[in-house]
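Notes follow the structure.
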Protein chains: 2
Amino acid sequence: MENHASGFDAAFHALADRTRRAVVTRLMSGPAPVKQLAQPFAMGLPAFLKHLRVLEDSRLIVTEKQGRIRTCRIRPERLLETEAWLAEQLALWRASTDRLAAYVENEMSEDDAA
Amino acid sequence: MENHASGFDAAFHALADRTRRAVVTRLMSGPAPVKQLAQPFAMGLPAFLKHLRVLEDSRLIVTEKQGRIRTCRIRPERLLETEAWLAEQLALWRASTDRLAAYVENEMSEDDAA
């Protein structure tokens with residue numbers, strides 16, 4: 001439970017940055033080597049590697065070294081969990097607006113009857 | 001575009017904390033006064049108010065003062081946007097795994113033909 005909560009903390013924290021979100025979006029289409037991933041961003045490699053580290057620590061991505069090339073790929077489980085949490089919240093909200101609508105409708109038909 | 005990106009930064013940052021996520025979950029069922037919201041949490045009111053401020057700054061919630069009572073309610077738009085972004089990422093991932101499956105299937109049937 002505690003671990004699950006810190007897992008969400010780490011995932012949401014990792015996604016709270018546009019560079020890291022762009023890396024996630026890129027990796028959704030398939031794995032990529034670090035150098036290729038870094039290319040579109042106007043920052044030095046050390047700064048970019050820090051972003052990758054945050055993504056890796058949050059378990060949103062995993063990196064593997066083969067020979068001299070380090071490749072990154074997405075771990076969809078974490079994103080699936082995060083999306084499931086948000087969907088659950090929105091389901092609660094929809095249920096509560098439905099209840100409100102039913103209440104208002106009921107009140108209005110009672111007014112009609114009076 | 002820039003504003004939209006910082007909007008996501010703020011929303012994900014706000015959700016990267018279990019107290020703030022618990023407040024969001026509570027408010028999904030309807031508005032609540034600050035005092036009632038603070039009750040389940042083992043922290044002083046000033047610390048709790050800081051969390052509310054982060055949620056308010058991220059536009060996940062809005063607070064209104066009527067007389068001496070400050071009430072909080074959810075702003076579902078921001079959560080809907082955040083969930084839509086995650087759903088979009090997962091759709092990219094599903095498309096890419098479908099392409100991979102189609103490729104493997106194709107390769108295997110070519111092997112059969114050979």
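Here, A, B, ... name the chains of the structure tokens in the order displayed, residue numbers run from 1 inside each chain, and ligands are numbered from 1 in the same displayed order.
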If the cut-off is 7 Å, can you tell me the residues of chain A near chain B, counting only C-alpha atoms? I'd like them as a ChimeraX atom specification.
/A:5,8-10,12-13,15-18,25,28-30,83,86-87,89,92-93,96
Create the file for the chosen residues now, containing C-alpha atoms and written as a short mmCIF file (atom, residue, chain, number, x, y, z; two decimals), in the first residue's frame.
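File produced: selection.cif:
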```cif
data_model
loop_
_atom_site.label_atom_id
_atom_site.label_comp_id
_atom_site.auth_asym_id
_atom_site.auth_seq_id
_atom_site.Cartn_x
_atom_site.Cartn_y
_atom_site.Cartn_z
CA ALA A 5 1.42 5.19 -3.03
CA PHE A 8 2.15 6.95 -7.91
CA ASP A 9 4.18 9.79 -6.34
CA ALA A 10 7.17 8.88 -8.54
CA PHE A 12 3.24 11.68 -11.40
CA HIS A 13 6.43 13.50 -10.47
CA LEU A 15 5.33 13.18 -15.79
CA ALA A 16 5.38 16.76 -14.38
CA ASP A 17 7.98 17.87 -16.94
CA ARG A 18 7.50 18.47 -20.66
CA THR A 25 5.50 9.87 -26.04
CA MET A 28 5.39 4.68 -26.89
CA SER A 29 6.15 3.99 -30.56
CA GLY A 30 9.04 1.65 -29.68
CA GLU A 83 -4.42 6.06 -16.17
CA LEU A 86 -7.42 8.88 -13.08
CA ALA A 87 -10.26 6.94 -14.74
CA GLN A 89 -11.51 9.43 -10.05
CA LEU A 92 -16.55 8.88 -8.97
CA TRP A 93 -17.19 12.35 -10.34
CA SER A 96 -21.83 12.12 -8.19
#
```
- [ ] Write out as a PyMOL selection string all residues of segment 3-43 of chain A that DSSP puts in alpha helix (DSSP H) for this structure's backbone.
- [x] chain A and resi 3-15+18-28+34-38
Taking 2 positions as the minimum chain separation for residues in the same chain, which residues sit within 8 Å of segment 61-63 of chain A when counting only C-alpha atoms? Answer as a list in words.
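Contacts, in chain order: Val24, Leu55, Glu56, Ser58, Arg59, Lys65, Arg70, Thr71, Cys72, Arg73, Ile74 and Arg75 of chain A.
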Please write the residues from the selection above to a file, keeping N, CA, C and O atoms, as an mmCIF file, in the first residue's frame.
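Below you can see result-v1.cif, which holds the result:
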```
data_model
loop_
_atom_site.group_PDB
_atom_site.id
_atom_site.type_symbol
_atom_site.label_atom_id
_atom_site.label_comp_id
_atom_site.auth_asym_id
_atom_site.auth_seq_id
_atom_site.Cartn_x
_atom_site.Cartn_y
_atom_site.Cartn_z
ATOM 1 N N VAL A 24 8.494 10.035 -23.051
ATOM 2 C CA VAL A 24 7.479 8.980 -22.906
ATOM 3 C C VAL A 24 6.718 8.814 -24.219
ATOM 4 O O VAL A 24 6.560 7.694 -24.728
ATOM 5 N N LEU A 55 12.863 9.195 -15.011
ATOM 6 C CA LEU A 55 11.902 8.278 -15.646
ATOM 7 C C LEU A 55 12.183 6.828 -15.258
ATOM 8 O O LEU A 55 11.257 6.038 -15.039
ATOM 9 N N GLU A 56 13.465 6.494 -15.171
ATOM 10 C CA GLU A 56 13.844 5.127 -14.818
ATOM 11 C C GLU A 56 13.496 4.844 -13.342
ATOM 12 O O GLU A 56 12.950 3.784 -13.033
ATOM 13 N N SER A 58 11.203 6.105 -11.631
ATOM 14 C CA SER A 58 9.746 6.021 -11.477
ATOM 15 C C SER A 58 9.200 4.752 -12.138
ATOM 16 O O SER A 58 7.996 4.515 -12.107
ATOM 17 N N ARG A 59 10.082 3.987 -12.772
ATOM 18 C CA ARG A 59 9.705 2.755 -13.490
ATOM 19 C C ARG A 59 8.792 3.003 -14.685
ATOM 20 O O ARG A 59 8.078 2.081 -15.111
ATOM 21 N N LYS A 65 21.890 -1.780 -21.612
ATOM 22 C CA LYS A 65 23.120 -1.509 -22.357
ATOM 23 C C LYS A 65 23.519 -2.770 -23.120
ATOM 24 O O LYS A 65 23.627 -3.851 -22.532
ATOM 25 N N ARG A 70 23.200 2.303 -25.214
ATOM 26 C CA ARG A 70 22.158 2.178 -24.189
ATOM 27 C C ARG A 70 20.808 2.480 -24.822
ATOM 28 O O ARG A 70 20.614 3.532 -25.423
ATOM 29 N N THR A 71 19.907 1.525 -24.680
ATOM 30 C CA THR A 71 18.584 1.644 -25.302
ATOM 31 C C THR A 71 17.523 1.809 -24.216
ATOM 32 O O THR A 71 17.610 1.192 -23.157
ATOM 33 N N CYS A 72 16.535 2.664 -24.497
ATOM 34 C CA CYS A 72 15.433 2.890 -23.549
ATOM 35 C C CYS A 72 14.153 2.304 -24.128
ATOM 36 O O CYS A 72 13.901 2.409 -25.323
ATOM 37 N N ARG A 73 13.347 1.737 -23.238
ATOM 38 C CA ARG A 73 11.999 1.363 -23.670
ATOM 39 C C ARG A 73 10.993 1.650 -22.547
ATOM 40 O O ARG A 73 11.347 1.729 -21.377
ATOM 41 N N ILE A 74 9.759 1.783 -22.970
ATOM 42 C CA ILE A 74 8.695 2.129 -22.030
ATOM 43 C C ILE A 74 8.310 0.903 -21.200
ATOM 44 O O ILE A 74 8.444 -0.227 -21.681
ATOM 45 N N ARG A 75 7.885 1.140 -19.963
ATOM 46 C CA ARG A 75 7.238 0.076 -19.182
ATOM 47 C C ARG A 75 5.777 0.457 -19.055
ATOM 48 O O ARG A 75 5.419 1.271 -18.192
#
```
In Å and to one decimal, atom CA of Leu52 of chain B is distant from atom CA of Ala101 of chain A by 27.7 Å
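Running DSSP on the backbone gives strand (DSSP E or B) for these residues within chain A: Ala32, Pro33, Ile61, Val62, Thr63, Glu64, Lys65, Gln66, Ile69, Arg70, Thr71, Cys72, Arg73 and Ile74 of chain A.
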Atoms to include: N, CA and C atoms. Write the selected residues as an mmCIF file, in the first residue's frame.
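Done, and the output landed in part03.cif:
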```cif
data_model
loop_
_atom_site.group_PDB
_atom_site.id
_atom_site.type_symbol
_atom_site.label_atom_id
_atom_site.label_comp_id
_atom_site.auth_asym_id
_atom_site.auth_seq_id
_atom_site.Cartn_x
_atom_site.Cartn_y
_atom_site.Cartn_z
ATOM 1 N N ALA A 32 14.292 3.108 -28.186
ATOM 2 C CA ALA A 32 15.210 3.991 -28.916
ATOM 3 C C ALA A 32 16.509 4.135 -28.128
ATOM 4 N N PRO A 33 17.646 4.288 -28.844
ATOM 5 C CA PRO A 33 18.915 4.530 -28.152
ATOM 6 C C PRO A 33 18.953 5.938 -27.559
ATOM 7 N N ILE A 61 10.181 3.924 -17.505
ATOM 8 C CA ILE A 61 11.001 3.368 -18.583
ATOM 9 C C ILE A 61 12.069 2.447 -17.983
ATOM 10 N N VAL A 62 12.673 1.658 -18.856
ATOM 11 C CA VAL A 62 13.791 0.824 -18.449
ATOM 12 C C VAL A 62 14.892 1.021 -19.504
ATOM 13 N N THR A 63 16.150 1.020 -19.059
ATOM 14 C CA THR A 63 17.241 1.153 -20.038
ATOM 15 C C THR A 63 18.121 -0.097 -19.971
ATOM 16 N N GLU A 64 18.643 -0.480 -21.132
ATOM 17 C CA GLU A 64 19.513 -1.659 -21.238
ATOM 18 C C GLU A 64 20.735 -1.308 -22.058
ATOM 19 N N LYS A 65 21.890 -1.780 -21.612
ATOM 20 C CA LYS A 65 23.120 -1.509 -22.357
ATOM 21 C C LYS A 65 23.519 -2.770 -23.120
ATOM 22 N N GLN A 66 23.684 -2.621 -24.412
ATOM 23 C CA GLN A 66 24.199 -3.725 -25.237
ATOM 24 C C GLN A 66 25.427 -3.196 -25.942
ATOM 25 N N ILE A 69 25.977 0.716 -26.665
ATOM 26 C CA ILE A 69 24.732 1.458 -26.905
ATOM 27 C C ILE A 69 23.712 1.191 -25.801
ATOM 28 N N ARG A 70 23.200 2.303 -25.214
ATOM 29 C CA ARG A 70 22.158 2.178 -24.189
ATOM 30 C C ARG A 70 20.808 2.480 -24.822
ATOM 31 N N THR A 71 19.907 1.525 -24.680
ATOM 32 C CA THR A 71 18.584 1.644 -25.302
ATOM 33 C C THR A 71 17.523 1.809 -24.216
ATOM 34 N N CYS A 72 16.535 2.664 -24.497
ATOM 35 C CA CYS A 72 15.433 2.890 -23.549
ATOM 36 C C CYS A 72 14.153 2.304 -24.128
ATOM 37 N N ARG A 73 13.347 1.737 -23.238
ATOM 38 C CA ARG A 73 11.999 1.363 -23.670
ATOM 39 C C ARG A 73 10.993 1.650 -22.547
ATOM 40 N N ILE A 74 9.759 1.783 -22.970
ATOM 41 C CA ILE A 74 8.695 2.129 -22.030
ATOM 42 C C ILE A 74 8.310 0.903 -21.200
#
```
